[in-house]
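Text of coords06.cif (mmCIF, C-alpha atoms and all ligand atoms) as supplied:
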data_my_file
loop_
_atom_site.label_atom_id
_atom_site.label_comp_id
_atom_site.auth_asym_id
_atom_site.auth_seq_id
_atom_site.Cartn_x
_atom_site.Cartn_y
_atom_site.Cartn_z
CA MET A 14 3.35 -23.83 20.79
CA PRO A 15 3.29 -20.38 22.43
CA ARG A 16 4.42 -17.58 20.20
CA THR A 17 5.84 -14.12 20.83
CA VAL A 18 3.69 -11.39 19.34
CA LEU A 19 4.10 -7.63 19.12
CA ILE A 20 1.07 -5.44 18.53
CA THR A 21 0.63 -1.69 18.07
CA GLY A 22 -2.36 0.38 19.18
CA ALA A 23 -3.31 -2.28 21.72
CA ASN A 24 -5.17 -0.13 24.25
CA ARG A 25 -8.60 -0.27 22.58
CA GLY A 26 -10.58 -1.59 19.63
CA LEU A 27 -9.15 -4.37 17.49
CA GLY A 28 -5.70 -4.08 19.08
CA LEU A 29 -7.07 -4.76 22.56
CA GLU A 30 -9.08 -7.74 21.27
CA PHE A 31 -6.02 -9.14 19.47
CA THR A 32 -4.19 -8.93 22.79
CA ARG A 33 -7.07 -10.65 24.62
CA GLN A 34 -7.30 -13.55 22.15
CA LEU A 35 -3.52 -14.01 21.87
CA LEU A 36 -3.15 -14.15 25.66
CA ALA A 37 -6.06 -16.62 25.87
CA ARG A 38 -4.29 -18.99 23.48
CA GLY A 39 -1.10 -18.78 25.56
CA ASP A 40 1.10 -16.47 23.51
CA ALA A 41 3.59 -14.04 25.01
CA VAL A 42 2.40 -10.57 24.01
CA ILE A 43 4.24 -7.28 23.82
CA ALA A 44 1.40 -4.79 23.59
CA THR A 45 2.21 -1.21 22.70
CA CYS A 46 0.21 1.98 22.99
CA ARG A 47 0.82 5.69 23.23
CA GLN A 48 0.01 6.04 26.93
CA PRO A 49 0.46 2.81 28.91
CA ALA A 50 -0.40 4.48 32.24
CA GLN A 51 -3.90 5.25 30.92
CA ALA A 52 -4.44 1.88 29.23
CA THR A 53 -6.58 0.43 32.02
CA ALA A 54 -8.17 -2.40 30.00
CA LEU A 55 -4.74 -3.50 28.82
CA GLN A 56 -3.27 -3.33 32.31
CA ALA A 57 -6.19 -5.45 33.59
CA LEU A 58 -5.41 -8.09 30.96
CA GLY A 59 -1.81 -8.09 32.19
CA ALA A 60 -2.96 -8.66 35.77
CA ALA A 61 -5.11 -11.59 34.61
CA HIS A 62 -2.19 -13.16 32.71
CA PRO A 63 0.86 -12.68 34.92
CA GLY A 64 4.18 -12.92 33.11
CA GLN A 65 2.53 -13.18 29.69
CA LEU A 66 2.03 -9.52 28.80
CA ARG A 67 4.46 -6.62 28.54
CA VAL A 68 3.04 -3.16 27.88
CA LEU A 69 5.42 -0.69 26.27
CA ALA A 70 5.00 2.88 25.05
CA LEU A 71 5.00 3.48 21.31
CA ASP A 72 3.65 6.25 19.14
CA VAL A 73 4.07 4.65 15.71
CA ALA A 74 4.07 8.04 13.97
CA SER A 75 7.07 9.39 15.87
CA GLU A 76 10.59 8.66 14.66
CA ALA A 77 12.03 9.35 18.13
CA ALA A 78 9.44 7.09 19.81
CA ARG A 79 10.14 4.27 17.37
CA ALA A 80 13.89 4.53 18.05
CA GLN A 81 13.34 4.57 21.83
CA PHE A 82 10.96 1.62 21.55
CA THR A 83 13.34 -0.43 19.42
CA ALA A 84 16.00 -0.03 22.10
CA ALA A 85 13.55 -1.00 24.87
CA LEU A 86 12.39 -4.02 22.88
CA GLU A 87 15.85 -5.63 23.00
CA HIS A 88 15.43 -5.86 26.77
CA ALA A 89 11.80 -7.07 26.61
CA LEU A 90 12.62 -9.82 24.12
CA ALA A 91 15.57 -11.08 26.17
CA GLY A 92 17.02 -13.05 23.26
CA THR A 93 13.78 -14.43 21.82
CA ALA A 94 12.52 -13.47 18.37
CA LEU A 95 9.11 -12.27 17.23
CA ASP A 96 6.82 -14.80 15.55
CA LEU A 97 4.16 -12.24 14.69
CA LEU A 98 4.11 -8.46 14.33
CA ILE A 99 0.66 -6.90 14.10
CA ASN A 100 0.76 -3.33 12.78
CA ASN A 101 -2.72 -2.44 14.02
CA ALA A 102 -2.60 1.23 15.04
CA GLY A 103 -4.48 3.46 12.63
CA VAL A 104 -6.24 6.79 12.39
CA LEU A 105 -9.37 7.94 10.53
CA HIS A 106 -10.52 11.55 10.25
CA SER A 107 -14.20 10.74 10.45
CA GLY A 108 -16.58 12.82 8.35
CA GLU A 109 -13.80 14.31 6.22
CA ARG A 110 -15.11 15.45 2.82
CA PHE A 111 -13.64 16.90 -0.37
CA GLY A 112 -13.43 20.67 -0.01
CA HIS A 113 -12.39 20.39 3.63
CA VAL A 114 -9.35 18.10 3.46
CA THR A 115 -6.39 19.60 5.31
CA GLN A 116 -2.67 19.14 4.89
CA ALA A 117 -2.47 18.21 8.58
CA ALA A 118 -4.97 15.35 8.16
CA LEU A 119 -3.21 14.02 5.04
CA GLU A 120 0.16 14.13 6.79
CA GLU A 121 -1.12 12.50 9.98
CA SER A 122 -2.82 9.69 8.05
CA LEU A 123 0.34 8.99 6.07
CA ARG A 124 2.47 9.04 9.22
CA VAL A 125 0.21 6.75 11.29
CA ASN A 126 -1.29 4.46 8.64
CA ALA A 127 1.61 4.06 6.21
CA ILE A 128 4.99 5.42 7.30
CA GLY A 129 4.78 4.12 10.90
CA PRO A 130 4.05 0.46 10.09
CA PHE A 131 6.66 0.37 7.32
CA LEU A 132 9.50 1.98 9.27
CA LEU A 133 8.66 0.05 12.45
CA THR A 134 8.80 -3.24 10.53
CA GLN A 135 12.05 -2.20 8.88
CA ALA A 136 13.55 -1.33 12.27
CA LEU A 137 12.37 -4.60 13.84
CA ALA A 138 13.29 -6.86 10.91
CA GLU A 139 16.31 -8.26 12.72
CA HIS A 140 14.04 -9.29 15.63
CA LEU A 141 11.61 -11.21 13.40
CA ARG A 142 12.13 -14.94 13.34
CA ASP A 143 12.72 -16.43 9.88
CA GLY A 144 9.28 -17.60 8.77
CA ALA A 145 7.51 -15.01 10.96
CA THR A 146 4.35 -13.16 9.91
CA VAL A 147 3.78 -9.41 9.63
CA ALA A 148 0.07 -8.54 9.67
CA ASN A 149 -0.70 -4.99 8.56
CA LEU A 150 -4.21 -3.80 9.39
CA THR A 151 -5.34 -1.95 6.30
CA SER A 152 -8.79 -1.18 4.91
CA GLN A 153 -10.77 -1.87 1.78
CA LEU A 154 -11.11 1.94 1.66
CA GLY A 155 -7.47 1.90 0.53
CA SER A 156 -8.46 0.02 -2.63
CA ILE A 157 -8.12 2.25 -5.70
CA ALA A 158 -10.00 -0.35 -7.79
CA ARG A 159 -12.99 0.00 -5.45
CA VAL A 160 -12.81 3.69 -4.70
CA SER A 161 -16.14 4.72 -3.16
CA ARG A 162 -18.12 7.83 -2.30
CA PHE A 163 -17.49 7.18 1.40
CA GLY A 164 -15.13 10.16 1.59
CA THR A 165 -12.24 10.43 4.08
CA PRO A 166 -9.60 11.01 1.36
CA SER A 167 -6.77 11.19 3.92
CA TYR A 168 -7.63 7.75 5.32
CA CYS A 169 -8.06 6.16 1.87
CA ALA A 170 -4.72 7.59 0.70
CA GLY A 171 -2.97 6.52 3.90
CA LYS A 172 -4.19 2.94 3.55
CA ALA A 173 -3.38 2.84 -0.20
CA ALA A 174 0.17 3.97 0.64
CA GLN A 175 0.32 1.37 3.40
CA ASN A 176 -0.71 -1.29 0.89
CA MET A 177 2.20 -0.44 -1.41
CA LEU A 178 4.65 -0.29 1.49
CA GLY A 179 3.31 -3.66 2.67
CA ALA A 180 3.97 -5.10 -0.77
CA GLN A 181 7.50 -3.67 -0.55
CA LEU A 182 8.00 -5.36 2.83
CA ALA A 183 6.77 -8.66 1.40
CA GLN A 184 9.41 -8.46 -1.34
CA ALA A 185 12.19 -7.41 1.00
CA LEU A 186 11.48 -10.08 3.62
CA SER A 187 10.61 -13.00 1.33
CA PRO A 188 14.19 -14.40 1.27
CA ARG A 189 13.74 -15.08 4.99
CA GLY A 190 10.36 -16.76 4.51
CA ILE A 191 8.60 -13.89 6.34
CA VAL A 192 4.98 -13.58 5.24
CA VAL A 193 3.58 -10.04 5.03
CA LEU A 194 -0.20 -9.66 4.80
CA GLN A 195 -2.38 -6.61 4.13
CA LEU A 196 -5.52 -7.40 6.13
CA HIS A 197 -8.93 -5.70 6.01
CA PRO A 198 -10.76 -6.51 9.27
CA GLY A 199 -14.27 -5.94 7.90
CA TRP A 200 -16.47 -3.14 9.22
CA VAL A 201 -16.10 -3.58 12.96
CA GLN A 202 -17.75 -2.14 16.10
CA THR A 203 -14.94 -0.02 17.51
CA ASP A 204 -14.51 3.71 18.15
CA MET A 205 -13.41 3.92 14.51
CA GLY A 206 -16.04 1.61 12.99
CA GLY A 207 -18.95 2.90 15.10
CA ALA A 208 -21.77 1.06 16.86
CA GLN A 209 -23.71 0.42 13.62
CA ALA A 210 -20.94 -1.77 12.18
CA PRO A 211 -22.06 -5.38 11.56
CA LEU A 212 -19.02 -7.16 13.00
CA SER A 213 -17.98 -7.55 16.64
CA VAL A 214 -14.30 -7.24 17.53
CA GLN A 215 -14.38 -10.88 18.68
CA GLU A 216 -15.57 -12.15 15.27
CA SER A 217 -13.20 -9.98 13.27
CA VAL A 218 -10.11 -10.81 15.33
CA ALA A 219 -10.91 -14.55 15.41
CA GLY A 220 -11.20 -14.47 11.60
CA LEU A 221 -8.00 -12.46 11.18
CA LEU A 222 -6.04 -14.80 13.46
CA ALA A 223 -7.28 -17.78 11.43
CA VAL A 224 -6.15 -16.09 8.19
CA ILE A 225 -2.75 -15.34 9.77
CA ALA A 226 -2.37 -18.90 11.10
CA THR A 227 -2.99 -20.49 7.71
CA ALA A 228 -1.13 -17.98 5.53
CA THR A 229 1.55 -19.45 3.28
CA PRO A 230 4.64 -17.79 1.75
CA ALA A 231 2.75 -17.84 -1.58
CA GLN A 232 0.21 -15.44 -0.02
CA SER A 233 2.82 -12.95 1.10
CA GLY A 234 2.10 -9.45 -0.19
CA ARG A 235 -1.60 -10.22 -0.71
CA PHE A 236 -4.54 -7.95 0.25
CA LEU A 237 -7.03 -10.15 2.12
CA ASP A 238 -10.09 -9.61 4.27
CA TRP A 239 -10.85 -11.13 7.70
CA GLN A 240 -12.25 -14.26 6.01
CA GLY A 241 -9.25 -14.73 3.72
CA GLN A 242 -11.01 -13.36 0.61
CA GLU A 243 -8.68 -11.54 -1.79
CA LEU A 244 -9.43 -7.83 -2.35
CA PRO A 245 -8.56 -5.79 -5.46
CA TRP A 246 -5.78 -3.21 -5.07
P1 LIG B 1 -9.77 2.49 16.93
O1 LIG B 1 -9.92 3.93 16.49
O2 LIG B 1 -10.81 1.90 17.76
O3 LIG B 1 -8.34 2.32 17.64
C1 LIG B 1 -7.21 2.84 17.00
C2 LIG B 1 -5.99 2.44 17.77
O4 LIG B 1 -4.84 2.98 17.10
C3 LIG B 1 -5.98 3.02 19.20
O5 LIG B 1 -5.37 2.12 20.07
C4 LIG B 1 -5.13 4.27 19.03
O6 LIG B 1 -4.48 4.70 20.22
C5 LIG B 1 -4.10 3.72 18.06
N1 LIG B 1 -3.32 4.79 17.46
C6 LIG B 1 -3.73 5.84 16.71
N2 LIG B 1 -2.69 6.61 16.38
C7 LIG B 1 -1.58 6.03 16.94
C8 LIG B 1 -0.22 6.35 16.96
N3 LIG B 1 0.27 7.43 16.35
N4 LIG B 1 0.65 5.52 17.62
C9 LIG B 1 0.17 4.43 18.25
N5 LIG B 1 -1.12 4.09 18.30
C10 LIG B 1 -1.98 4.89 17.64
O7 LIG B 1 -9.58 1.65 15.58
P2 LIG B 1 -9.86 0.10 15.26
O8 LIG B 1 -9.49 -0.74 16.41
O9 LIG B 1 -11.20 0.01 14.66
O10 LIG B 1 -8.83 -0.11 14.04
C11 LIG B 1 -7.66 -0.91 14.12
C12 LIG B 1 -7.07 -0.99 12.71
O11 LIG B 1 -8.03 -1.58 11.82
C13 LIG B 1 -6.72 0.37 12.13
O12 LIG B 1 -5.52 0.27 11.39
C14 LIG B 1 -7.90 0.67 11.22
O13 LIG B 1 -7.55 1.56 10.17
C15 LIG B 1 -8.24 -0.72 10.71
N6 LIG B 1 -9.62 -0.84 10.23
C16 LIG B 1 -10.69 -0.75 11.09
C17 LIG B 1 -11.99 -0.89 10.59
C18 LIG B 1 -13.19 -0.84 11.47
O14 LIG B 1 -14.32 -0.98 10.95
N7 LIG B 1 -13.09 -0.68 12.78
C19 LIG B 1 -12.22 -1.10 9.15
C20 LIG B 1 -11.04 -1.18 8.35
C21 LIG B 1 -9.80 -1.06 8.89
P3 LIG B 1 -5.02 5.96 21.10
O15 LIG B 1 -6.05 5.40 22.05
O16 LIG B 1 -3.80 6.46 21.78
O17 LIG B 1 -5.62 6.96 20.14
#
Show this structure as structure tokens.
Amino acid sequence: MPRTVLITGANRGLGLEFTRQLLARGDAVIATCRQPAQATALQALGAAHPGQLRVLALDVASEAARAQFTAALEHALAGTALDLLINNAGVLHSGERFGHVTQAALEESLRVNAIGPFLLTQALAEHLRDGATVANLTSQLGSIARVSRFGTPSYCAGKAAQNMLGAQLAQALSPRGIVVLQLHPGWVQTDMGGAQAPLSVQESVAGLLAVIATATPAQSGRFLDWQGQELPW
């Protein structure tokens, strides 16, 4: 059965591939990005799937943009509810090392990676169908148990904060049977992951969609990778 899916950061990388695979399986997709007019790959997908894709503007880090988007969404949904919300947008300050971490980078990472997904989900909760799924794209770099020498403290902290806020969402939404997952996509060939990453976007997204499709309420609040393996917090 076709589903209605909302995705953030859909103009490139994993977000664009989520949109491509969801459209291919027949879902109705509301794809959001910061600058729809410049999202040429996304617009091309819309042309190839007439009536199936809506592209709306959303900067997840901006309170004003989230409020404006929430109002616009009412119109786009036209009475239907969301089956799946994919909080995909994220930011990494590549090459950041201790000694050079800035307040601006820490604040931006928290706003984009943690605060945005949490407050967007809170604002959209009334539009989620009972039994819907919220998939938060996190990273194993947010695992405190597996803290590594990789660096990028602002990213690691942003994803760790997102993990806790995801667990809070899972608790808050469980009475409605809404499953909230913290999902690590693997190390993937995107602008963020780089060309040397072992996984293609196609493989990662296919795996993530399979994990989402088979997730049960008992798994809500869990931290899983793209193959469904549990990760330590
Ligand atoms: P990319 O850097 O390739 O794409 C990031 C996306 O997020 C872009 O669409 C970007 O939009 C969007 N974005 C950034 N800031 C905002 C914002 N404030 N509001 C709305 N959109 C924004 O990353 P990936 O596709 O690789 O990553 C997707 C998710 O997966 C992220 O959450 C990332 O942390 C996570 N992840 C990725 C891994 C990898 O190896 N690739 C590994 C682990 C986790 P714009 O074009 O406007 O900048």
Set up a box along x, y and z of the file covering all listed atoms of ligand LIG 1 (chain B), add 8 Å on every one of the six sides, and write the centre and edge lengths in Å to one decimal, as AutoDock Vina command-line options.
--center_x -6.8 --center_y 2.9 --center_z 15.2 --size_x 31.0 --size_y 25.0 --size_z 29.7
Interface rows for chain A against ligand LIG 1 (chain B): nearest pair, Å to one decimal, 7 Å, all atoms listed in the file, as JSON lines:
{"residue": "A:Thr21", "atom": "CA", "partner": "B:LIG1", "partner_atom": "N5", "distance": 6.0}
{"residue": "A:Gly22", "atom": "CA", "partner": "B:LIG1", "partner_atom": "O5", "distance": 3.6}
{"residue": "A:Ala23", "atom": "CA", "partner": "B:LIG1", "partner_atom": "O5", "distance": 5.1}
{"residue": "A:Asn24", "atom": "CA", "partner": "B:LIG1", "partner_atom": "O5", "distance": 4.8}
{"residue": "A:Arg25", "atom": "CA", "partner": "B:LIG1", "partner_atom": "O5", "distance": 4.7}
{"residue": "A:Gly26", "atom": "CA", "partner": "B:LIG1", "partner_atom": "O8", "distance": 3.5}
{"residue": "A:Leu27", "atom": "CA", "partner": "B:LIG1", "partner_atom": "O8", "distance": 3.8}
{"residue": "A:Gly28", "atom": "CA", "partner": "B:LIG1", "partner_atom": "O8", "distance": 5.7}
{"residue": "A:Cys46", "atom": "CA", "partner": "B:LIG1", "partner_atom": "N5", "distance": 5.3}
{"residue": "A:Arg47", "atom": "CA", "partner": "B:LIG1", "partner_atom": "O16", "distance": 4.9}
{"residue": "A:Gln48", "atom": "CA", "partner": "B:LIG1", "partner_atom": "O16", "distance": 6.4}
{"residue": "A:Leu71", "atom": "CA", "partner": "B:LIG1", "partner_atom": "C9", "distance": 5.8}
{"residue": "A:Asp72", "atom": "CA", "partner": "B:LIG1", "partner_atom": "N4", "distance": 3.4}
{"residue": "A:Val73", "atom": "CA", "partner": "B:LIG1", "partner_atom": "N4", "distance": 4.0}
{"residue": "A:Ala74", "atom": "CA", "partner": "B:LIG1", "partner_atom": "N3", "distance": 4.5}
{"residue": "A:Asn101", "atom": "CA", "partner": "B:LIG1", "partner_atom": "O12", "distance": 4.7}
{"residue": "A:Ala102", "atom": "CA", "partner": "B:LIG1", "partner_atom": "O4", "distance": 3.5}
{"residue": "A:Gly103", "atom": "CA", "partner": "B:LIG1", "partner_atom": "O12", "distance": 3.6}
{"residue": "A:Val104", "atom": "CA", "partner": "B:LIG1", "partner_atom": "C6", "distance": 5.1}
{"residue": "A:Leu105", "atom": "CA", "partner": "B:LIG1", "partner_atom": "O13", "distance": 6.6}
{"residue": "A:Val125", "atom": "CA", "partner": "B:LIG1", "partner_atom": "N3", "distance": 5.1}
{"residue": "A:Asn126", "atom": "CA", "partner": "B:LIG1", "partner_atom": "O12", "distance": 6.6}
{"residue": "A:Leu150", "atom": "CA", "partner": "B:LIG1", "partner_atom": "O12", "distance": 4.7}
{"residue": "A:Thr151", "atom": "CA", "partner": "B:LIG1", "partner_atom": "C21", "distance": 5.2}
{"residue": "A:Ser152", "atom": "CA", "partner": "B:LIG1", "partner_atom": "C21", "distance": 4.1}
{"residue": "A:Gln153", "atom": "CA", "partner": "B:LIG1", "partner_atom": "C20", "distance": 6.6}
{"residue": "A:His197", "atom": "CA", "partner": "B:LIG1", "partner_atom": "C20", "distance": 5.5}
{"residue": "A:Pro198", "atom": "CA", "partner": "B:LIG1", "partner_atom": "C20", "distance": 5.4}
{"residue": "A:Gly199", "atom": "CA", "partner": "B:LIG1", "partner_atom": "C19", "distance": 5.4}
{"residue": "A:Trp200", "atom": "CA", "partner": "B:LIG1", "partner_atom": "O14", "distance": 3.5}
{"residue": "A:Val201", "atom": "CA", "partner": "B:LIG1", "partner_atom": "O14", "distance": 3.7}
{"residue": "A:Gln202", "atom": "CA", "partner": "B:LIG1", "partner_atom": "N7", "distance": 5.9}
{"residue": "A:Thr203", "atom": "CA", "partner": "B:LIG1", "partner_atom": "O2", "distance": 4.6}
{"residue": "A:Asp204", "atom": "CA", "partner": "B:LIG1", "partner_atom": "O2", "distance": 4.1}
{"residue": "A:Met205", "atom": "CA", "partner": "B:LIG1", "partner_atom": "O1", "distance": 4.0}
{"residue": "A:Gly206", "atom": "CA", "partner": "B:LIG1", "partner_atom": "O14", "distance": 3.7}
{"residue": "A:Ala210", "atom": "CA", "partner": "B:LIG1", "partner_atom": "O14", "distance": 6.8}
Dump as a PDB file, in the frame of the given file, selection limited to C-alpha atoms:
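Okay, this is what ended up in result27.pdb:
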ATOM      1  CA  THR A  21       0.630  -1.690  18.070  1.00  0.00           C
ATOM      2  CA  GLY A  22      -2.360   0.380  19.180  1.00  0.00           C
ATOM      3  CA  ALA A  23      -3.310  -2.280  21.720  1.00  0.00           C
ATOM      4  CA  ASN A  24      -5.170  -0.130  24.250  1.00  0.00           C
ATOM      5  CA  ARG A  25      -8.600  -0.270  22.580  1.00  0.00           C
ATOM      6  CA  GLY A  26     -10.580  -1.590  19.630  1.00  0.00           C
ATOM      7  CA  LEU A  27      -9.150  -4.370  17.490  1.00  0.00           C
ATOM      8  CA  GLY A  28      -5.700  -4.080  19.080  1.00  0.00           C
ATOM      9  CA  CYS A  46       0.210   1.980  22.990  1.00  0.00           C
ATOM     10  CA  ARG A  47       0.820   5.690  23.230  1.00  0.00           C
ATOM     11  CA  GLN A  48       0.010   6.040  26.930  1.00  0.00           C
ATOM     12  CA  LEU A  71       5.000   3.480  21.310  1.00  0.00           C
ATOM     13  CA  ASP A  72       3.650   6.250  19.140  1.00  0.00           C
ATOM     14  CA  VAL A  73       4.070   4.650  15.710  1.00  0.00           C
ATOM     15  CA  ALA A  74       4.070   8.040  13.970  1.00  0.00           C
ATOM     16  CA  ASN A 101      -2.720  -2.440  14.020  1.00  0.00           C
ATOM     17  CA  ALA A 102      -2.600   1.230  15.040  1.00  0.00           C
ATOM     18  CA  GLY A 103      -4.480   3.460  12.630  1.00  0.00           C
ATOM     19  CA  VAL A 104      -6.240   6.790  12.390  1.00  0.00           C
ATOM     20  CA  LEU A 105      -9.370   7.940  10.530  1.00  0.00           C
ATOM     21  CA  VAL A 125       0.210   6.750  11.290  1.00  0.00           C
ATOM     22  CA  ASN A 126      -1.290   4.460   8.640  1.00  0.00           C
ATOM     23  CA  LEU A 150      -4.210  -3.800   9.390  1.00  0.00           C
ATOM     24  CA  THR A 151      -5.340  -1.950   6.300  1.00  0.00           C
ATOM     25  CA  SER A 152      -8.790  -1.180   4.910  1.00  0.00           C
ATOM     26  CA  GLN A 153     -10.770  -1.870   1.780  1.00  0.00           C
ATOM     27  CA  HIS A 197      -8.930  -5.700   6.010  1.00  0.00           C
ATOM     28  CA  PRO A 198     -10.760  -6.510   9.270  1.00  0.00           C
ATOM     29  CA  GLY A 199     -14.270  -5.940   7.900  1.00  0.00           C
ATOM     30  CA  TRP A 200     -16.470  -3.140   9.220  1.00  0.00           C
ATOM     31  CA  VAL A 201     -16.100  -3.580  12.960  1.00  0.00           C
ATOM     32  CA  GLN A 202     -17.750  -2.140  16.100  1.00  0.00           C
ATOM     33  CA  THR A 203     -14.940  -0.020  17.510  1.00  0.00           C
ATOM     34  CA  ASP A 204     -14.510   3.710  18.150  1.00  0.00           C
ATOM     35  CA  MET A 205     -13.410   3.920  14.510  1.00  0.00           C
ATOM     36  CA  GLY A 206     -16.040   1.610  12.990  1.00  0.00           C
ATOM     37  CA  ALA A 210     -20.940  -1.770  12.180  1.00  0.00           C
TER      38      ALA A 210
END
- Test item: residues at most 7 Å from region 32-44 of chain A, all atoms listed in the file, excluding those fewer than 3 positions along its chain, as a list of chain:residue names: A:Pro15, A:Arg16, A:Thr17, A:Val18, A:Leu19, A:Ile20, A:Thr21, A:Ala23, A:Gly28, A:Leu29, A:Gln65, A:Leu66, A:Arg67, A:Val68, A:Leu69
Listing only residues of region 121-169 of chain A within 12 Å of region 182-188 of chain A, what is the closest atom pair and its distance in Å (to one decimal) for each, using only C-alpha atoms, sorted by chain and residue number ascending, as JSON lines?
{"residue": "A:Ala127", "atom": "CA", "partner": "A:Leu182", "partner_atom": "CA", "distance": 11.9}
{"residue": "A:Pro130", "atom": "CA", "partner": "A:Leu182", "partner_atom": "CA", "distance": 10.1}
{"residue": "A:Phe131", "atom": "CA", "partner": "A:Leu182", "partner_atom": "CA", "distance": 7.4}
{"residue": "A:Leu132", "atom": "CA", "partner": "A:Leu182", "partner_atom": "CA", "distance": 9.9}
{"residue": "A:Leu133", "atom": "CA", "partner": "A:Leu182", "partner_atom": "CA", "distance": 11.1}
{"residue": "A:Thr134", "atom": "CA", "partner": "A:Leu182", "partner_atom": "CA", "distance": 8.0}
{"residue": "A:Gln135", "atom": "CA", "partner": "A:Leu182", "partner_atom": "CA", "distance": 7.9}
{"residue": "A:Ala136", "atom": "CA", "partner": "A:Leu182", "partner_atom": "CA", "distance": 11.7}
{"residue": "A:Leu137", "atom": "CA", "partner": "A:Leu186", "partner_atom": "CA", "distance": 11.6}
{"residue": "A:Ala138", "atom": "CA", "partner": "A:Leu186", "partner_atom": "CA", "distance": 8.2}
{"residue": "A:Glu139", "atom": "CA", "partner": "A:Leu186", "partner_atom": "CA", "distance": 10.5}
{"residue": "A:Leu141", "atom": "CA", "partner": "A:Leu186", "partner_atom": "CA", "distance": 9.8}
{"residue": "A:Arg142", "atom": "CA", "partner": "A:Leu186", "partner_atom": "CA", "distance": 10.9}
{"residue": "A:Asp143", "atom": "CA", "partner": "A:Pro188", "partner_atom": "CA", "distance": 9.0}
{"residue": "A:Gly144", "atom": "CA", "partner": "A:Ser187", "partner_atom": "CA", "distance": 8.8}
{"residue": "A:Ala145", "atom": "CA", "partner": "A:Leu186", "partner_atom": "CA", "distance": 9.7}
{"residue": "A:Thr146", "atom": "CA", "partner": "A:Ala183", "partner_atom": "CA", "distance": 9.9}
{"residue": "A:Val147", "atom": "CA", "partner": "A:Ala183", "partner_atom": "CA", "distance": 8.8}
{"residue": "A:Ala148", "atom": "CA", "partner": "A:Ala183", "partner_atom": "CA", "distance": 10.6}
{"residue": "A:Asn149", "atom": "CA", "partner": "A:Leu182", "partner_atom": "CA", "distance": 10.4}
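Of note, CA of Val192 (chain A) and CA of Leu244 (chain A) are spaced 17.3 Å apart.
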- Query: Hey, what's within 9 Å of Ala180 (chain A) if we count only C-alpha atoms and toss same-chain stuff fewer than 6 positions away? As a PyMOL selection string, please?
  - Reply: chain A and resi 193-195+233-235
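CA of Ala78 (chain A) is positioned 17.7 Å from CA of Leu90 (chain A).
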- Please provide as JSON, numbers by chain all residues within 12 Å of Ala118 (chain A), with the sequence filter that same-chain residues fewer than 5 positions apart are discarded (counting all atoms listed in the file). {"A": [104, 105, 106, 107, 108, 109, 110, 113, 123, 124, 125, 126, 165, 166, 167, 168, 169, 170, 171]}
- Which one of A:Ile99, A:Leu154, A:Leu119, A:Ala80 sits closest to Val218 (chain A) if you count only C-alpha atoms? A:Ile99
- Separation of CA of Met14 (chain A) and CA of Ala70 (chain A), in Å? 27.1 Å
- Counting only C-alpha atoms, the option among A:Gln175, A:Gln209, A:Gln81, A:Gln232 closest to Gly190 (chain A): A:Gln232
